[in-house]
Amino acid sequence: MRGMHLAAGNPPQFALVDVNNFYVSCERAFNPRLAGVPVVVLSNNDGCAVSRSAEAKQLGVKMAAPWFQMQGLARRHGIVALSSNYALYGDMSSRVVSILHGFTPDVEVYSIDESFLRVEHLQHLYRNRSALGQAIRQRIAQWTGLPVCAGFGATKTLAKLANHLAKTDPAWDGVCDLSALDDLERKNAMEKLRVHAVWGVGRRLATRLESLGIRTVKDLANADPARARQRFGVVLERTVHELQGISCLELDGLAAPRQQVMATRSFGTEVGSLAALREAVAWHVDSAATRLRAQGSVAGAVHVFIQGNRFRPTGSQGHAGHAGTMVPLEQPSDDNRVLTTAAWAGLQRIYRAGCAYKKCGVMLVDISARQQRQDSLFGSTAGRSPSDKLMAAMDAINHTWGRGTLRTAAAGLSQQAQWAMLSEHRSPRYTTRWNELPVVK
């Protein structure tokens, strides 16, 4: 499948399209009154800033800054804090990807707000790649209200670098095509960027490179690939090649099946009862099992864990540390009921009465393809078909009407469970709940 749509004979050209301040931009798309206002979106349980508007960044709000430490700054400057609205963000991300597929079938979804594209086969449709980038920006803005930037390059690493330039330098007007620059212009652009701007070069690696005199992107592009491999490994060798315009990384059009599927989240308040923990564990099993089936897999074992509040002093009354256990299944399964039964058995082993817990989670492991599922020696396959049909119906209903519409009774009937995550500032789920649709007055 890979490369099936690519024009023969054309050298590869990649694009990276990235939504600016994605979570904040999704909120502003449905609440225009947030435009020009400093906005932060908070992590689970309204803990830390995970997305910041340009105005909030200018006020000095750092990524992952705890919300309780920003209270004074927020009051002085009118910072608006919103809880993470994952249903909205996931749906808006899917809409952006759908729009990108309208330009080319060769799309790799890299993250919730970034996608790589192969675009060399589109060059006859547009005056140049900058015109293509502006067309992408205009269509996404018109159809979703989200602002994006686009970067183009002969490799994925150069496209990522070009996107960084497009976002940080207004002179590019949101689109940067490094392939359109001559060698001198490209080197001048690279010379202005510190080496940590390169995709895959973290702070620690950047410090090591700088100790060797490799301080800018230009320095790394001029490095000897063989020496980079000798000192730092094959990954940095590929990065050097990519900065030199030699494509080493293809699009991953189909994501590889996960070898582990995890679902976990902190509670809004501490939980001490086994019944509440059982509900929370079952909810996480439902979530993990849905993703397991989506990739066509079954799990051979379930790992369940519970964790106390790490801010409680060790040895204090009600303190609980971290405890987990693995429960193997008799037969690999993707059935919520089977997986929940196993997770509950593990929970019973590790639960300590009288302790307060702040987090729990499940991890599905020993994953294999559903078609390769092997039954036990004395197991019966008679129940497999009804189980598959039931799970397929459950997934179809939840896909149409939203996650949690149909779930196992074990996950609880209340939408406001004791263990539910704090989300005091969440905006409506405008695109996935009928009763939360935008209203025009």
# chains A, B, ... in the order shown; residues from 1 in each chain; ligands from 1
>>> residues_around(residues="Arg429 of chain A", least_positions_apart="6", cutoff="12 Å", atoms="only C-alpha atoms", output="VMD selection string")
chain A and resid 26 to 27 30 83 to 92 402 to 403 435 to 438
>>> select_by_dssp(residues="segment 206-383 of chain A", states="strand (DSSP E)", output="PyMOL selection string")
chain A and resi 261-271+297-308+322-333+357-369
>>> residues_around(residues="Arg215 of chain A", least_positions_apart="5", cutoff="10 Å", atoms="only C-alpha atoms", output="PyMOL selection string")
chain A and resi 191+193-196+206-210+220
>>> residues_around(residues="segment 290-299 of chain A", least_positions_apart="2", cutoff="10 Å", atoms="only C-alpha atoms", output="JSON, numbers by chain")
{"A": [255, 256, 257, 258, 259, 260, 261, 262, 263, 284, 285, 286, 287, 288, 301, 302, 328, 329, 331, 332, 333, 334, 335, 336, 339, 363, 364, 365, 366, 367, 368, 369, 370, 371, 372, 373, 388, 391, 392, 394, 395, 398, 403]}
>>> atom_distance(atom1="atom CA of Phe103 of chain A", atom2="atom CA of Cys149 of chain A")
15.5 Å
>>> closest_residue(among="A:Pro38, A:Tyr351, A:Val107, A:Leu277", to="Arg75 of chain A", atoms="only C-alpha atoms")
A:Pro38
>>> select_by_dssp(residues="segment 111-222 of chain A", states="helix (DSSP H, G or I)", output="number ranges by chain")
A: 120-122, 129-144, 156-168, 170-172, 178-180, 183-191, 195-197, 203-211, 217-221
>>> residues_around(residues="Cys48 of chain A", least_positions_apart="5", cutoff="6 Å", atoms="only C-alpha atoms", output="PyMOL selection string")
chain A and resi 42-43+64-67
>>> write_last_selection(atoms="N, CA, C and O atoms", output="mmCIF file, in the first residue's frame")
data_model
loop_
_atom_site.group_PDB
_atom_site.id
_atom_site.type_symbol
_atom_site.label_atom_id
_atom_site.label_comp_id
_atom_site.auth_asym_id
_atom_site.auth_seq_id
_atom_site.Cartn_x
_atom_site.Cartn_y
_atom_site.Cartn_z
ATOM 1 N N LEU A 42 -6.097 23.008 30.760
ATOM 2 C CA LEU A 42 -5.471 22.296 31.858
ATOM 3 C C LEU A 42 -5.501 20.793 31.644
ATOM 4 O O LEU A 42 -6.353 20.261 30.920
ATOM 5 N N SER A 43 -4.590 20.102 32.288
ATOM 6 C CA SER A 43 -4.474 18.660 32.197
ATOM 7 C C SER A 43 -5.566 17.988 33.017
ATOM 8 O O SER A 43 -6.450 18.643 33.576
ATOM 9 N N ALA A 64 3.158 22.999 31.367
ATOM 10 C CA ALA A 64 3.113 22.153 32.561
ATOM 11 C C ALA A 64 3.143 22.943 33.860
ATOM 12 O O ALA A 64 3.308 22.369 34.935
ATOM 13 N N ALA A 65 2.962 24.253 33.783
ATOM 14 C CA ALA A 65 2.893 25.054 35.015
ATOM 15 C C ALA A 65 1.628 24.685 35.790
ATOM 16 O O ALA A 65 0.532 24.653 35.223
ATOM 17 N N PRO A 66 1.729 24.383 37.097
ATOM 18 C CA PRO A 66 0.541 24.038 37.892
ATOM 19 C C PRO A 66 -0.444 25.204 37.955
ATOM 20 O O PRO A 66 -0.046 26.357 38.141
ATOM 21 N N TRP A 67 -1.716 24.890 37.817
ATOM 22 C CA TRP A 67 -2.740 25.926 37.788
ATOM 23 C C TRP A 67 -2.802 26.675 39.117
ATOM 24 O O TRP A 67 -2.995 27.899 39.153
#
>>> atom_distance(atom1="atom CA of Leu236 of chain A", atom2="atom CA of Val19 of chain A")
26.9 Å
